[in-house]
file my_file_7.txt (compact mmCIF, C-alpha atoms)
# COMPACT_ATOMS: atom_id res chain seq x y z
CA GLY A 1 79.90 108.72 72.69
CA TRP A 2 83.07 108.98 74.79
CA ALA A 3 85.13 110.69 72.09
CA VAL A 4 82.34 113.22 71.45
CA LEU A 5 82.08 113.84 75.19
CA LEU A 6 85.82 114.40 75.67
CA LYS A 7 85.90 116.69 72.64
CA SER A 8 82.99 118.68 74.10
CA ARG A 9 85.07 119.15 77.24
CA GLY A 10 87.71 120.89 75.18
CA LEU A 11 90.28 118.18 74.52
CA VAL A 12 92.20 118.48 71.25
CA ARG A 13 94.98 116.55 69.56
CA GLY A 14 98.20 116.57 71.59
CA ASP A 15 96.50 117.24 74.93
CA ARG A 16 97.28 114.83 77.76
CA LEU A 17 94.51 113.14 79.73
CA ALA A 18 95.45 111.16 82.84
CA PHE A 19 93.47 108.47 84.60
CA CYS A 20 93.86 106.94 88.05
CA LEU A 21 91.41 104.04 88.08
CA VAL A 22 91.16 100.37 88.89
CA ASN A 23 90.15 98.17 85.95
CA ARG A 24 86.73 99.10 84.65
CA LEU A 25 85.16 99.45 81.21
CA ALA A 26 85.54 103.23 81.40
CA VAL A 27 89.34 102.84 81.10
CA ILE A 28 88.93 101.10 77.74
CA ASP A 29 86.32 103.63 76.65
CA LEU A 30 88.75 106.44 77.54
CA TRP A 31 91.59 104.75 75.70
CA ILE A 32 89.63 104.29 72.47
CA ALA A 33 88.22 107.83 72.66
CA CYS A 34 91.68 109.33 73.13
CA VAL A 35 93.04 107.32 70.19
CA LYS A 36 90.22 108.76 68.06
CA LEU A 37 90.96 112.31 69.21
CA GLY A 38 94.75 112.13 69.09
CA VAL A 39 94.83 112.80 72.85
CA ILE A 40 97.79 111.34 74.80
CA VAL A 41 96.81 109.02 77.65
CA VAL A 42 98.69 109.19 80.96
CA PRO A 43 97.92 106.18 83.20
CA ILE A 44 98.55 106.63 86.96
CA ASN A 45 99.00 103.70 89.34
CA VAL A 46 96.01 103.54 91.69
CA LEU A 47 98.35 102.63 94.57
CA TYR A 48 100.13 105.98 94.27
CA LYS A 49 99.41 108.70 96.79
CA GLY A 50 99.95 112.44 96.87
CA ARG A 51 103.71 112.69 96.27
CA GLU A 52 103.87 110.15 93.43
CA ILE A 53 100.73 111.49 91.76
CA GLY A 54 101.97 115.04 92.18
CA HIS A 55 105.19 114.20 90.35
CA ILE A 56 103.37 112.66 87.38
CA VAL A 57 100.77 115.43 87.14
CA GLY A 58 103.47 118.10 87.39
CA ASP A 59 105.61 116.43 84.75
CA ALA A 60 102.94 115.40 82.21
CA GLU A 61 100.70 118.45 82.74
CA PRO A 62 97.44 116.69 81.82
CA ALA A 63 94.36 118.74 81.01
CA ALA A 64 92.51 116.67 83.61
CA VAL A 65 92.75 113.51 85.69
CA VAL A 66 89.90 111.01 85.38
CA THR A 67 89.42 109.30 88.73
CA THR A 68 86.87 108.81 91.49
CA ALA A 69 85.70 111.67 93.68
CA ASP A 70 87.29 110.16 96.79
CA ARG A 71 90.78 110.57 95.25
CA ALA A 72 90.57 114.37 95.15
CA ALA A 73 92.82 114.74 98.21
CA ASP A 74 95.60 112.82 96.43
CA LEU A 75 95.74 115.29 93.54
CA PRO A 76 97.91 118.43 93.61
CA PRO A 77 96.09 121.71 94.26
CA GLY A 78 94.63 123.12 91.08
CA THR A 79 94.39 119.78 89.28
CA VAL A 80 91.22 119.38 87.22
CA LEU A 81 89.40 116.21 88.35
CA TRP A 82 86.87 114.55 86.09
CA ASP A 83 84.71 112.13 88.04
CA VAL A 84 84.61 108.84 86.12
CA GLU A 85 81.07 108.04 87.21
CA GLU A 86 79.87 111.40 85.95
CA LEU A 87 81.62 110.76 82.62
CA GLU A 88 79.98 107.33 82.38
CA ARG A 89 76.54 108.86 82.84
CA GLU A 90 77.16 111.65 80.35
CA ALA A 91 78.64 109.34 77.71
CA THR A 92 75.50 107.20 77.56
CA ALA A 93 73.50 110.26 76.52
CA VAL A 94 75.88 111.38 73.75
CA GLU A 95 75.46 110.24 70.17
CA PRO A 96 78.71 108.87 68.65
CA ALA A 97 80.15 110.59 65.59
CA GLY A 98 81.05 108.84 62.35
CA GLY A 99 84.51 107.41 61.75
CA SER A 100 85.47 110.17 59.30
CA ALA A 101 85.33 112.71 62.13
CA TRP A 102 88.36 111.30 63.95
CA GLU A 103 92.13 111.59 63.73
CA ARG A 104 94.24 109.35 61.52
CA PRO A 105 97.51 109.41 63.46
CA SER A 106 100.82 108.35 61.97
CA ALA A 107 102.87 105.55 63.52
CA ASN A 108 105.22 108.01 65.23
CA THR A 109 102.43 110.03 66.87
CA ALA A 110 102.45 109.82 70.68
CA ALA A 111 99.59 107.73 72.09
CA ALA A 112 100.52 107.46 75.77
CA ILE A 113 103.02 108.51 78.39
CA ILE A 114 103.53 105.63 80.81
CA TYR A 115 105.69 106.27 83.86
CA THR A 116 108.43 103.96 85.06
CA SER A 117 108.24 102.49 88.56
CA GLY A 118 110.76 104.99 89.93
CA THR A 119 112.70 102.45 92.00
CA THR A 120 116.07 104.14 91.44
CA GLY A 121 114.89 107.74 91.17
CA ALA A 122 111.93 109.83 90.13
CA ALA A 123 109.54 108.06 87.77
CA LYS A 124 110.19 108.98 84.14
CA GLY A 125 107.54 109.27 81.46
CA ALA A 126 108.09 106.86 78.56
CA VAL A 127 106.40 108.15 75.41
CA LEU A 128 104.79 105.30 73.46
CA THR A 129 103.56 105.90 69.94
CA HIS A 130 100.64 104.49 67.98
CA GLY A 131 103.24 102.44 66.10
CA ASN A 132 104.54 101.00 69.38
CA PHE A 133 101.08 99.82 70.40
CA ALA A 134 100.29 98.43 66.95
CA ALA A 135 103.61 96.58 66.67
CA ASN A 136 103.14 95.05 70.13
CA ALA A 137 99.67 93.83 69.28
CA LEU A 138 100.53 92.43 65.85
CA ALA A 139 103.65 90.64 67.12
CA LEU A 140 101.82 89.02 70.04
CA VAL A 141 98.75 88.04 68.02
CA GLU A 142 101.02 86.33 65.48
CA ALA A 143 103.38 84.72 68.02
CA TRP A 144 100.61 83.39 70.25
CA GLY A 145 98.22 82.57 67.41
CA ILE A 146 95.43 84.64 68.97
CA THR A 147 92.18 84.62 66.99
CA GLU A 148 88.64 85.89 67.39
CA THR A 149 87.65 82.55 68.92
CA ASP A 150 89.93 83.06 71.94
CA ARG A 151 88.69 84.07 75.39
CA TYR A 152 90.99 86.49 77.21
CA LEU A 153 90.84 86.81 80.99
CA ALA A 154 92.13 90.33 81.67
CA ALA A 155 93.35 90.64 85.26
CA LEU A 156 96.43 92.81 84.72
CA PRO A 157 96.02 96.44 85.79
CA LEU A 158 95.30 98.68 82.82
CA PHE A 159 97.45 101.47 84.26
CA HIS A 160 100.51 99.29 83.58
CA VAL A 161 102.01 98.79 80.14
CA HIS A 162 101.52 94.99 80.24
CA GLY A 163 97.77 95.24 80.69
CA LEU A 164 97.20 98.18 78.35
CA ALA A 165 99.82 97.83 75.62
CA ASN A 166 99.71 94.03 75.46
CA GLY A 167 96.38 92.74 76.77
CA VAL A 168 93.93 95.36 75.52
CA GLN A 169 95.71 95.80 72.19
CA CYS A 170 95.68 92.04 71.52
CA TRP A 171 91.95 92.05 72.18
CA LEU A 172 91.45 94.97 69.79
CA ALA A 173 93.68 93.45 67.10
CA SER A 174 92.18 89.96 67.21
CA GLY A 175 88.54 90.64 68.06
CA CYS A 176 88.61 87.90 70.70
CA HIS A 177 86.26 87.82 73.70
CA MET A 178 87.52 89.53 76.86
CA LYS A 179 86.47 89.29 80.49
CA LEU A 180 87.82 92.28 82.45
CA VAL A 181 88.14 91.94 86.22
CA GLU A 182 88.84 94.80 88.62
CA ARG A 183 92.05 93.32 89.97
CA PHE A 184 93.81 89.97 90.30
CA ASP A 185 92.52 88.02 93.29
CA ARG A 186 94.05 84.64 94.04
CA ASP A 187 90.94 83.45 95.88
CA GLU A 188 88.67 84.36 92.97
CA ALA A 189 90.98 83.08 90.23
CA LEU A 190 89.78 79.47 90.28
CA THR A 191 86.18 80.62 89.91
CA TRP A 192 87.14 82.83 86.96
CA PHE A 193 89.00 80.03 85.21
CA GLU A 194 86.20 77.51 85.73
CA SER A 195 83.28 79.80 84.88
CA TYR A 196 84.80 81.78 82.01
CA GLN A 197 87.03 79.03 80.53
CA PRO A 198 89.65 81.42 79.13
CA THR A 199 92.07 80.31 76.44
CA LEU A 200 94.34 83.32 76.99
CA PHE A 201 95.77 84.79 80.18
CA PHE A 202 98.57 87.30 80.71
CA GLY A 203 100.21 87.55 84.13
CA VAL A 204 103.31 88.67 85.99
CA PRO A 205 105.49 86.46 88.26
CA THR A 206 103.76 87.62 91.44
CA MET A 207 100.42 86.45 90.09
CA TYR A 208 101.75 83.01 89.16
CA VAL A 209 103.45 82.60 92.53
CA ARG A 210 100.16 83.38 94.28
CA LEU A 211 98.33 80.87 92.08
call {"tool": "encode", "arguments": {"input": "my_file_7.txt", "output": "structure tokens"}}
result
Amino acid sequence: GWAVLLKSRGLVRGDRLAFCLVNRLAVIDLWIACVKLGVIVVPINVLYKGREIGHIVGDAEPAAVVTTADRAADLPPGTVLWDVEELEREATAVEPAGGSAWERPSANTAAAIIYTSGTTGAAKGAVLTHGNFAANALALVEAWGITETDRYLAALPLFHVHGLANGVQCWLASGCHMKLVERFDRDEALTWFESYQPTLFFGVPTMYVRL
């Protein structure tokens, strides 16, 4: 229902749709819907404030930013805000369309614009194609031997390329089970590992140091 909902809100192929959200199922729903529509996803770091968000919104020119209502003050004046909780409610009431109704993008079609960290200057938008995401997923699934019997603990933020382009795409490509948590928490990690019993975990050095 998410793709039908976004289409009803006027999104068409080539439009950009940004999101500024902590990990939640709606991020994955948005991603899959945008892939179906040929809409380009623009993830925004939830730790960013007005200046950083303003730069990304001004550069990418998204049709809207999907976020929570309390983030309105961080968006530049005139930015269209779509409340994620409102979208979640509306999507449950929309009937999904058949597969033949959606785009069949080529490998070189843009799928996302993910911004660099901006440590040495203004953040720059890196355009990643459908081919980029597919190649990442297929290479990792083969190299790591990921199968549908694996259990993936997803704690990386989905607004970063590691969580979205690696973690989520490996899940989609392999059909494995995934447990998505809002954010990495060292104090909760042991409980997650013991209760969920994951066979697959992606992290960054900071996460391993904290563990």
call {"tool": "residues_around", "arguments": {"input": "my_file_7.txt", "residues": "Val127 in chain A", "least_positions_apart": "4", "cutoff": "10 Å", "atoms": "only C-alpha atoms", "output": "ChimeraX atom specification"}}
result
/A:40-42,109-115,132
call {"tool": "write_last_selection", "arguments": {"input": "my_file_7.txt", "atoms": "C-alpha atoms", "output": "compact mmCIF listing (two decimals), keeping the file's coordinate frame"}}
result
# COMPACT_ATOMS: atom_id res chain seq x y z
CA ILE A 40 97.79 111.34 74.80
CA VAL A 41 96.81 109.02 77.65
CA VAL A 42 98.69 109.19 80.96
CA THR A 109 102.43 110.03 66.87
CA ALA A 110 102.45 109.82 70.68
CA ALA A 111 99.59 107.73 72.09
CA ALA A 112 100.52 107.46 75.77
CA ILE A 113 103.02 108.51 78.39
CA ILE A 114 103.53 105.63 80.81
CA TYR A 115 105.69 106.27 83.86
CA ASN A 132 104.54 101.00 69.38
call {"tool": "atom_distance", "arguments": {"input": "my_file_7.txt", "atom1": "CA of Glu95 in chain A", "atom2": "CA of Val65 in chain A"}}
result
23.5 Å
call {"tool": "closest_residue", "arguments": {"input": "my_file_7.txt", "among": "A:Thr120, A:Asn23, A:Thr129, A:Thr199", "to": "Ile146 in chain A", "atoms": "only C-alpha atoms"}}
result
A:Thr199
call {"tool": "atom_distance", "arguments": {"input": "my_file_7.txt", "atom1": "CA of Arg151 in chain A", "atom2": "CA of Cys176 in chain A"}}
result
6.1 Å
call {"tool": "residues_around", "arguments": {"input": "my_file_7.txt", "residues": "range 77-84 of chain A", "least_positions_apart": "3", "cutoff": "12 Å", "atoms": "all atoms listed in the file", "output": "PyMOL selection string"}}
result
chain A and resi 2+5-6+9+17-22+24-27+29-30+50-51+53-54+56-58+60-74+87-91
call {"tool": "write_last_selection", "arguments": {"input": "my_file_7.txt", "atoms": "C-alpha atoms", "output": "mmCIF file, in the frame of the given file"}}
result
data_model
loop_
_atom_site.group_PDB
_atom_site.id
_atom_site.type_symbol
_atom_site.label_atom_id
_atom_site.label_comp_id
_atom_site.auth_asym_id
_atom_site.auth_seq_id
_atom_site.Cartn_x
_atom_site.Cartn_y
_atom_site.Cartn_z
ATOM 1 C CA TRP A 2 83.070 108.980 74.790
ATOM 2 C CA LEU A 5 82.080 113.840 75.190
ATOM 3 C CA LEU A 6 85.820 114.400 75.670
ATOM 4 C CA ARG A 9 85.070 119.150 77.240
ATOM 5 C CA LEU A 17 94.510 113.140 79.730
ATOM 6 C CA ALA A 18 95.450 111.160 82.840
ATOM 7 C CA PHE A 19 93.470 108.470 84.600
ATOM 8 C CA CYS A 20 93.860 106.940 88.050
ATOM 9 C CA LEU A 21 91.410 104.040 88.080
ATOM 10 C CA VAL A 22 91.160 100.370 88.890
ATOM 11 C CA ARG A 24 86.730 99.100 84.650
ATOM 12 C CA LEU A 25 85.160 99.450 81.210
ATOM 13 C CA ALA A 26 85.540 103.230 81.400
ATOM 14 C CA VAL A 27 89.340 102.840 81.100
ATOM 15 C CA ASP A 29 86.320 103.630 76.650
ATOM 16 C CA LEU A 30 88.750 106.440 77.540
ATOM 17 C CA GLY A 50 99.950 112.440 96.870
ATOM 18 C CA ARG A 51 103.710 112.690 96.270
ATOM 19 C CA ILE A 53 100.730 111.490 91.760
ATOM 20 C CA GLY A 54 101.970 115.040 92.180
ATOM 21 C CA ILE A 56 103.370 112.660 87.380
ATOM 22 C CA VAL A 57 100.770 115.430 87.140
ATOM 23 C CA GLY A 58 103.470 118.100 87.390
ATOM 24 C CA ALA A 60 102.940 115.400 82.210
ATOM 25 C CA GLU A 61 100.700 118.450 82.740
ATOM 26 C CA PRO A 62 97.440 116.690 81.820
ATOM 27 C CA ALA A 63 94.360 118.740 81.010
ATOM 28 C CA ALA A 64 92.510 116.670 83.610
ATOM 29 C CA VAL A 65 92.750 113.510 85.690
ATOM 30 C CA VAL A 66 89.900 111.010 85.380
ATOM 31 C CA THR A 67 89.420 109.300 88.730
ATOM 32 C CA THR A 68 86.870 108.810 91.490
ATOM 33 C CA ALA A 69 85.700 111.670 93.680
ATOM 34 C CA ASP A 70 87.290 110.160 96.790
ATOM 35 C CA ARG A 71 90.780 110.570 95.250
ATOM 36 C CA ALA A 72 90.570 114.370 95.150
ATOM 37 C CA ALA A 73 92.820 114.740 98.210
ATOM 38 C CA ASP A 74 95.600 112.820 96.430
ATOM 39 C CA LEU A 87 81.620 110.760 82.620
ATOM 40 C CA GLU A 88 79.980 107.330 82.380
ATOM 41 C CA ARG A 89 76.540 108.860 82.840
ATOM 42 C CA GLU A 90 77.160 111.650 80.350
ATOM 43 C CA ALA A 91 78.640 109.340 77.710
#
call {"tool": "residues_near_point", "arguments": {"input": "my_file_7.txt", "point": "(87.4, 84.1, 68.6)", "cutoff": "9 Å", "atoms": "all atoms listed in the file", "output": "ChimeraX atom specification"}}
result
/A:146-151,174-177
call {"tool": "closest_residue", "arguments": {"input": "my_file_7.txt", "among": "A:Ala143, A:Val161, A:Met178, A:Leu190", "to": "Ser117 in chain A", "atoms": "only C-alpha atoms"}}
result
A:Val161
call {"tool": "closest_residue", "arguments": {"input": "my_file_7.txt", "among": "A:Val12, A:Ala123, A:Val168, A:Leu75", "to": "Cys34 in chain A", "atoms": "all atoms listed in the file"}}
result
A:Val12
call {"tool": "closest_residue", "arguments": {"input": "my_file_7.txt", "among": "A:Glu142, A:Glu188, A:Glu194, A:Glu103", "to": "Val35 in chain A", "atoms": "all atoms listed in the file"}}
result
A:Glu103
call {"tool": "atom_distance", "arguments": {"input": "my_file_7.txt", "atom1": "CA of His160 in chain A", "atom2": "CA of Thr116 in chain A"}}
result
9.3 Å
call {"tool": "axis_aligned_box", "arguments": {"input": "my_file_7.txt", "around": "range 47-65 of chain A", "padding_each_side": "3 Å", "output": "JSON"}}
result
{"center_x": 99.1, "center_y": 110.7, "center_z": 88.9, "size_x": 19.1, "size_y": 22.1, "size_z": 21.9}
call {"tool": "residues_around", "arguments": {"input": "my_file_7.txt", "residues": "Ala107 in chain A", "least_positions_apart": "6", "cutoff": "10 Å", "atoms": "all atoms listed in the file", "output": "ChimeraX atom specification"}}
result
/A:129-135
call {"tool": "residues_near_point", "arguments": {"input": "my_file_7.txt", "point": "(92.2, 90.4, 85.9)", "cutoff": "9 Å", "atoms": "only C-alpha atoms", "output": "ChimeraX atom specification"}}
result
/A:23,153-157,179-185,189,201-203
call {"tool": "write_last_selection", "arguments": {"input": "my_file_7.txt", "atoms": "C-alpha atoms", "output": "short mmCIF file (atom, residue, chain, number, x, y, z; two decimals), keeping the file's coordinate frame"}}
result
data_model
loop_
_atom_site.label_atom_id
_atom_site.label_comp_id
_atom_site.auth_asym_id
_atom_site.auth_seq_id
_atom_site.Cartn_x
_atom_site.Cartn_y
_atom_site.Cartn_z
CA ASN A 23 90.15 98.17 85.95
CA LEU A 153 90.84 86.81 80.99
CA ALA A 154 92.13 90.33 81.67
CA ALA A 155 93.35 90.64 85.26
CA LEU A 156 96.43 92.81 84.72
CA PRO A 157 96.02 96.44 85.79
CA LYS A 179 86.47 89.29 80.49
CA LEU A 180 87.82 92.28 82.45
CA VAL A 181 88.14 91.94 86.22
CA GLU A 182 88.84 94.80 88.62
CA ARG A 183 92.05 93.32 89.97
CA PHE A 184 93.81 89.97 90.30
CA ASP A 185 92.52 88.02 93.29
CA ALA A 189 90.98 83.08 90.23
CA PHE A 201 95.77 84.79 80.18
CA PHE A 202 98.57 87.30 80.71
CA GLY A 203 100.21 87.55 84.13
#
call {"tool": "closest_residue", "arguments": {"input": "my_file_7.txt", "among": "A:Tyr208, A:Phe159, A:Trp102, A:Tyr152", "to": "Arg186 in chain A", "atoms": "only C-alpha atoms"}}
result
A:Tyr208
call {"tool": "closest_residue", "arguments": {"input": "my_file_7.txt", "among": "A:Asn136, A:Val209, A:Lys124, A:Asp187", "to": "Asn166 in chain A", "atoms": "all atoms listed in the file"}}
result
A:Asn136
call {"tool": "decode", "arguments": {"input": "my_file_7.txt", "residues": "range 117-173 of chain A", "atoms": "C-alpha atoms", "output": "CSV table (one decimal), in the first residue's frame"}}
result
chain,number,residue,atom,x,y,z
A,117,SER,CA,29.7,13.1,6.2
A,118,GLY,CA,31.0,16.6,5.2
A,119,THR,CA,34.1,16.5,7.4
A,120,THR,CA,36.3,18.4,5.0
A,121,GLY,CA,33.6,20.6,3.4
A,122,ALA,CA,29.9,20.7,2.6
A,123,ALA,CA,28.3,17.3,2.4
A,124,LYS,CA,28.1,16.0,-1.2
A,125,GLY,CA,25.3,13.9,-2.6
A,126,ALA,CA,26.6,10.5,-3.9
A,127,VAL,CA,24.2,9.1,-6.5
A,128,LEU,CA,23.8,5.4,-6.2
A,129,THR,CA,22.0,3.4,-8.9
A,130,HIS,CA,19.8,0.3,-8.7
A,131,GLY,CA,22.9,-1.6,-10.1
A,132,ASN,CA,25.0,-0.3,-7.2
A,133,PHE,CA,22.5,-1.7,-4.7
A,134,ALA,CA,22.1,-5.0,-6.5
A,135,ALA,CA,25.8,-5.5,-6.9
A,136,ASN,CA,26.5,-4.8,-3.3
A,137,ALA,CA,23.8,-7.3,-2.2
A,138,LEU,CA,24.8,-10.1,-4.5
A,139,ALA,CA,28.5,-9.7,-3.7
A,140,LEU,CA,27.9,-9.8,0.1
A,141,VAL,CA,25.4,-12.6,0.0
A,142,GLU,CA,27.9,-14.7,-2.0
A,143,ALA,CA,31.0,-13.7,0.0
A,144,TRP,CA,29.4,-14.3,3.4
A,145,GLY,CA,27.3,-17.3,2.3
A,146,ILE,CA,24.0,-15.6,3.5
A,147,THR,CA,20.9,-17.8,3.1
A,148,GLU,CA,17.3,-17.6,4.0
A,149,THR,CA,18.0,-19.6,7.2
A,150,ASP,CA,20.2,-16.7,8.6
A,151,ARG,CA,19.0,-14.3,11.3
A,152,TYR,CA,20.2,-10.7,10.8
A,153,LEU,CA,20.3,-8.3,13.7
A,154,ALA,CA,20.0,-4.9,12.1
A,155,ALA,CA,21.3,-2.2,14.4
A,156,LEU,CA,23.0,0.1,11.8
A,157,PRO,CA,21.2,3.3,11.1
A,158,LEU,CA,19.2,3.0,7.8
A,159,PHE,CA,20.1,6.6,6.9
A,160,HIS,CA,23.7,5.5,6.4
A,161,VAL,CA,24.9,3.5,3.3
A,162,HIS,CA,26.1,0.6,5.4
A,163,GLY,CA,22.7,-0.1,7.0
A,164,LEU,CA,20.7,0.6,3.8
A,165,ALA,CA,22.9,-0.5,0.9
A,166,ASN,CA,24.4,-3.5,2.7
A,167,GLY,CA,22.2,-4.7,5.5
A,168,VAL,CA,18.7,-4.2,4.1
A,169,GLN,CA,19.7,-5.3,0.6
A,170,CYS,CA,21.3,-8.5,1.9
A,171,TRP,CA,18.0,-9.2,3.7
A,172,LEU,CA,16.0,-8.6,0.5
A,173,ALA,CA,18.4,-10.6,-1.7
